[in-house]
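Read the structure below first, then the notes.
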Amino acid sequence: MSQKINIEIARKILSCQHIAITSHLRPDGDSIYTSLALAEMLELLGKKVQVVTHDPLPFPFYEFPETSRIKIGQIDPEGVDLVILLECVDVARSGQTGIEHLPKINIDHHYSNSPYADLNWIDPEASAVGEMVFELIEPLGLKITPKIAEYLYSAIFSDTGSFQFSNTTARTLRTCYLLAEAGASPNAIAEKLLNNNTAAKIRLIGRVLTRLTLNASGNLAFLAMFRRDLEEVELKEVDVEDITTFARSIKGVEMVVFFKEIEPGVFRVSLRSRGKANSALVAESFGGGGHLHAAGFTVHGEFEEIYREIPRKIEEILNRDRQPS
């Protein structure tokens, strides 16, 4: 199925001239670098390309020179004959408006995605959309360049938690081997993505970790971050998913539940798990989605009530899931 759909997508791309690439709200390393790689690939084919995200890029990505080509806001639909959406469960997830009438390609590695586009490539076995887009290079008739290799390796490195997460497979490592052969430098990419923190971010991590709590069983860890935390350390947008790595490393913890205040009364809840704890199952129970060990959902309400009710419900869901059918 994967081979057939990537050939169909390549044919569609080759037939178009002005292509817009977008991804989900609150873009991450996978969506950012896959967008850049795809843009490089399409421009090698002589296509006119715009890369757009609705939300600003988080730190440290907005500091890197290659990301300056990404427009923040809305796609300019004038003359566009194709929109490629990365990691968007639906068009609304991109935050883009005015593109309903345009042909679309949907590329996602989350199984909760629904086929809403003209062409839908959904591969939950892929570690990242960067891994999927690598499989477009051959059917597009391209030879991978060092820059494309660097971008795709960066995307995969980001979404696998530097190859620590359970979505890291033999396929993932084989792809990264080929990307390294094509010019991606594993050491340089690791140095760039892991060792570019500011003192402000480290202070933020420390602040959030002081709120760490565990349930009575010690298998669930809870964290919370508020907008005031960012303001007080003078940060606006920052990628903080690595904070969960610290909590997930605690012996006996199966799932980390991270509450992030998006705006007053609105919280994004990120789930990171290991072993048999199913993050996707929990997220879907709250209207979200994701992978077995990485998922999320959004909740509305007063924090005190949310922080009391959500953990209780998560424990119930996980306990039910453990019971033999």
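Going by the structure tokens order, chains are called A, B, ..., each with residues numbered from 1, while ligands are numbered from 1 in the order shown.
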
Practice prompt. Quick one: pick out all strand (DSSP E) residues within region 113-316 of chain A from a backbone DSSP run and write them as a PyMOL selection string.
Written response: chain A and resi 119-122+213-214+220-225+255-263+266-273+289-290+294-300

Export of the given selection (N, CA and C atoms) as an mmCIF file, in the first residue's frame:
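Written out: again04.cif:
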```cif
data_model
loop_
_atom_site.group_PDB
_atom_site.id
_atom_site.type_symbol
_atom_site.label_atom_id
_atom_site.label_comp_id
_atom_site.auth_asym_id
_atom_site.auth_seq_id
_atom_site.Cartn_x
_atom_site.Cartn_y
_atom_site.Cartn_z
ATOM 1 N N LEU A 119 -5.487 12.681 -1.966
ATOM 2 C CA LEU A 119 -4.591 11.538 -1.790
ATOM 3 C C LEU A 119 -4.177 11.489 -0.326
ATOM 4 N N ASN A 120 -4.307 10.319 0.288
ATOM 5 C CA ASN A 120 -4.034 10.166 1.714
ATOM 6 C C ASN A 120 -2.979 9.080 1.922
ATOM 7 N N TRP A 121 -1.874 9.467 2.528
ATOM 8 C CA TRP A 121 -0.806 8.518 2.851
ATOM 9 C C TRP A 121 -0.670 8.493 4.365
ATOM 10 N N ILE A 122 -1.218 7.479 4.982
ATOM 11 C CA ILE A 122 -1.210 7.339 6.431
ATOM 12 C C ILE A 122 -0.460 6.062 6.773
ATOM 13 N N THR A 213 4.603 15.480 40.274
ATOM 14 C CA THR A 213 3.902 14.641 41.256
ATOM 15 C C THR A 213 3.676 13.268 40.646
ATOM 16 N N LEU A 214 3.529 12.272 41.508
ATOM 17 C CA LEU A 214 3.238 10.906 41.073
ATOM 18 C C LEU A 214 1.953 10.442 41.738
ATOM 19 N N LEU A 220 2.301 6.772 37.282
ATOM 20 C CA LEU A 220 1.926 7.956 36.502
ATOM 21 C C LEU A 220 2.612 9.182 37.088
ATOM 22 N N ALA A 221 3.237 9.966 36.223
ATOM 23 C CA ALA A 221 3.879 11.214 36.639
ATOM 24 C C ALA A 221 3.147 12.382 35.992
ATOM 25 N N PHE A 222 2.990 13.469 36.732
ATOM 26 C CA PHE A 222 2.239 14.626 36.251
ATOM 27 C C PHE A 222 3.093 15.882 36.338
ATOM 28 N N LEU A 223 3.037 16.670 35.267
ATOM 29 C CA LEU A 223 3.757 17.931 35.180
ATOM 30 C C LEU A 223 2.799 19.008 34.694
ATOM 31 N N ALA A 224 3.102 20.261 35.008
ATOM 32 C CA ALA A 224 2.264 21.363 34.536
ATOM 33 C C ALA A 224 3.133 22.570 34.230
ATOM 34 N N MET A 225 2.792 23.254 33.137
ATOM 35 C CA MET A 225 3.480 24.485 32.759
ATOM 36 C C MET A 225 2.439 25.526 32.380
ATOM 37 N N MET A 255 3.745 6.307 32.407
ATOM 38 C CA MET A 255 3.219 7.380 31.582
ATOM 39 C C MET A 255 3.434 8.725 32.256
ATOM 40 N N VAL A 256 3.839 9.708 31.452
ATOM 41 C CA VAL A 256 3.960 11.088 31.902
ATOM 42 C C VAL A 256 2.814 11.883 31.297
ATOM 43 N N VAL A 257 2.127 12.644 32.125
ATOM 44 C CA VAL A 257 1.000 13.482 31.699
ATOM 45 C C VAL A 257 1.425 14.935 31.925
ATOM 46 N N PHE A 258 1.584 15.667 30.840
ATOM 47 C CA PHE A 258 2.143 17.021 30.887
ATOM 48 C C PHE A 258 1.074 18.028 30.466
ATOM 49 N N PHE A 259 0.636 18.851 31.412
ATOM 50 C CA PHE A 259 -0.372 19.880 31.159
ATOM 51 C C PHE A 259 0.332 21.186 30.775
ATOM 52 N N LYS A 260 0.026 21.718 29.588
ATOM 53 C CA LYS A 260 0.624 22.968 29.134
ATOM 54 C C LYS A 260 -0.488 23.970 28.849
ATOM 55 N N GLU A 261 -0.452 25.091 29.532
ATOM 56 C CA GLU A 261 -1.464 26.127 29.321
ATOM 57 C C GLU A 261 -1.215 26.832 27.984
ATOM 58 N N ILE A 262 -2.186 26.724 27.089
ATOM 59 C CA ILE A 262 -2.082 27.380 25.779
ATOM 60 C C ILE A 262 -2.610 28.806 25.858
ATOM 61 N N GLU A 263 -3.712 28.978 26.536
ATOM 62 C CA GLU A 263 -4.320 30.271 26.819
ATOM 63 C C GLU A 263 -5.186 30.083 28.053
ATOM 64 N N VAL A 266 -7.408 26.883 28.693
ATOM 65 C CA VAL A 266 -7.168 25.893 27.631
ATOM 66 C C VAL A 266 -5.803 25.239 27.870
ATOM 67 N N PHE A 267 -5.808 23.923 27.963
ATOM 68 C CA PHE A 267 -4.572 23.184 28.225
ATOM 69 C C PHE A 267 -4.377 22.092 27.185
ATOM 70 N N ARG A 268 -3.167 22.025 26.666
ATOM 71 C CA ARG A 268 -2.743 20.919 25.814
ATOM 72 C C ARG A 268 -2.115 19.885 26.735
ATOM 73 N N VAL A 269 -2.591 18.643 26.648
ATOM 74 C CA VAL A 269 -2.075 17.582 27.507
ATOM 75 C C VAL A 269 -1.261 16.615 26.651
ATOM 76 N N SER A 270 0.037 16.552 26.912
ATOM 77 C CA SER A 270 0.922 15.644 26.182
ATOM 78 C C SER A 270 1.122 14.380 27.008
ATOM 79 N N LEU A 271 1.055 13.242 26.351
ATOM 80 C CA LEU A 271 1.248 11.950 27.002
ATOM 81 C C LEU A 271 2.482 11.278 26.422
ATOM 82 N N ARG A 272 3.370 10.825 27.287
ATOM 83 C CA ARG A 272 4.535 10.053 26.867
ATOM 84 C C ARG A 272 4.596 8.814 27.752
ATOM 85 N N SER A 273 4.659 7.645 27.137
ATOM 86 C CA SER A 273 4.586 6.411 27.923
ATOM 87 C C SER A 273 5.635 5.415 27.466
ATOM 88 N N GLY A 289 -5.423 12.129 19.966
ATOM 89 C CA GLY A 289 -4.880 10.977 19.247
ATOM 90 C C GLY A 289 -3.372 11.001 19.252
ATOM 91 N N GLY A 290 -2.797 10.022 18.569
ATOM 92 C CA GLY A 290 -1.345 9.942 18.484
ATOM 93 C C GLY A 290 -0.859 8.522 18.356
ATOM 94 N N ALA A 294 3.249 8.092 22.413
ATOM 95 C CA ALA A 294 3.288 9.557 22.336
ATOM 96 C C ALA A 294 1.974 10.043 21.745
ATOM 97 N N ALA A 295 1.215 10.781 22.524
ATOM 98 C CA ALA A 295 -0.095 11.239 22.070
ATOM 99 C C ALA A 295 -0.457 12.516 22.815
ATOM 100 N N GLY A 296 -1.633 13.057 22.510
ATOM 101 C CA GLY A 296 -2.038 14.280 23.188
ATOM 102 C C GLY A 296 -3.482 14.630 22.933
ATOM 103 N N PHE A 297 -3.992 15.556 23.728
ATOM 104 C CA PHE A 297 -5.355 16.053 23.572
ATOM 105 C C PHE A 297 -5.452 17.430 24.214
ATOM 106 N N THR A 298 -6.556 18.110 23.977
ATOM 107 C CA THR A 298 -6.779 19.450 24.515
ATOM 108 C C THR A 298 -7.988 19.435 25.436
ATOM 109 N N VAL A 299 -7.881 20.122 26.567
ATOM 110 C CA VAL A 299 -9.001 20.224 27.503
ATOM 111 C C VAL A 299 -9.241 21.689 27.844
ATOM 112 N N HIS A 300 -10.493 21.982 28.223
ATOM 113 C CA HIS A 300 -10.882 23.337 28.602
ATOM 114 C C HIS A 300 -11.425 23.328 30.024
#
```

Cut-off 8 Å: closest region 15-34 of chain A/region 74-93 of chain A atom pairs per residue, using only C-alpha atoms, as a tab-separated table:
```
residue	atom	partner	partner_atom	distance
A:Cys16	CA	A:Asp81	CA	6.1
A:Gln17	CA	A:Asp81	CA	6.8
A:His18	CA	A:Val80	CA	4.9
A:Ile19	CA	A:Leu82	CA	4.9
A:Ala20	CA	A:Val83	CA	4.7
A:Ile21	CA	A:Ile84	CA	4.8
A:Thr22	CA	A:Leu85	CA	5.1
A:Ser23	CA	A:Leu86	CA	4.6
A:His24	CA	A:Cys88	CA	5.4
A:Leu25	CA	A:Arg93	CA	6.2
A:Ser31	CA	A:Leu86	CA	6.5
```

Writer output for current selection, C-alpha atoms, as a PDB file, in the first residue's frame:
```pdb
ATOM      1  CA  CYS A  16       1.519  20.521 -10.419  1.00  0.00           C
ATOM      2  CA  GLN A  17       3.487  23.760 -10.582  1.00  0.00           C
ATOM      3  CA  HIS A  18       2.704  25.884  -7.500  1.00  0.00           C
ATOM      4  CA  ILE A  19       2.660  23.880  -4.289  1.00  0.00           C
ATOM      5  CA  ALA A  20       2.037  24.950  -0.697  1.00  0.00           C
ATOM      6  CA  ILE A  21       3.352  22.895   2.213  1.00  0.00           C
ATOM      7  CA  THR A  22       1.886  23.220   5.696  1.00  0.00           C
ATOM      8  CA  SER A  23       1.743  21.238   8.920  1.00  0.00           C
ATOM      9  CA  HIS A  24      -0.001  21.109  12.258  1.00  0.00           C
ATOM     10  CA  LEU A  25      -0.507  23.828  14.825  1.00  0.00           C
ATOM     11  CA  SER A  31       6.994  18.806  10.740  1.00  0.00           C
TER      12      SER A  31
END
```

Worksheet item: With distances taken over only C-alpha atoms, which of A:Ile310, A:Ile32, A:Val51, A:Ile250 is nearest to Ile156 (chain A)?
Response: A:Ile32

Discussion item. So the first atom is CA of Ala182 (chain A) and the second is CA of Ile148 (chain A); what is the distance between them in Å, to one decimal place?
Written reply: 8.8 Å

Item to complete: May I have the residues within 12 Å of Leu230 (chain A) as number ranges by chain, using only C-alpha atoms and disregarding those fewer than 2 positions away in the same chain?
Response: A: 58-59, 200-205, 207-208, 225-228, 232-240, 260-262

Could you take the residues named above and write them with C-alpha atoms, as a CSV table (one decimal), in the first residue's frame?
```
chain,number,residue,atom,x,y,z
A,58,PRO,CA,9.3,27.1,18.9
A,59,PHE,CA,12.7,27.7,20.3
A,200,ALA,CA,16.2,30.5,30.3
A,201,LYS,CA,15.0,27.1,29.0
A,202,ILE,CA,17.0,25.3,31.6
A,203,ARG,CA,15.5,27.5,34.3
A,204,LEU,CA,12.1,26.7,32.8
A,205,ILE,CA,12.7,23.0,33.0
A,207,ARG,CA,10.6,25.3,37.4
A,208,VAL,CA,8.3,22.8,35.8
A,225,MET,CA,3.5,24.5,32.8
A,226,PHE,CA,1.7,27.8,32.6
A,227,ARG,CA,2.0,30.8,30.4
A,228,ARG,CA,3.4,32.8,33.3
A,232,GLU,CA,8.9,34.9,33.8
A,233,VAL,CA,11.9,33.4,32.2
A,234,GLU,CA,11.4,35.6,29.1
A,235,LEU,CA,10.5,33.0,26.6
A,236,LYS,CA,7.6,33.1,24.1
A,237,GLU,CA,7.6,29.9,22.2
A,238,VAL,CA,9.7,26.9,23.2
A,239,ASP,CA,9.8,23.2,22.5
A,240,VAL,CA,9.5,21.7,26.0
A,260,LYS,CA,0.6,23.0,29.1
A,261,GLU,CA,-1.5,26.1,29.3
A,262,ILE,CA,-2.1,27.4,25.8
```
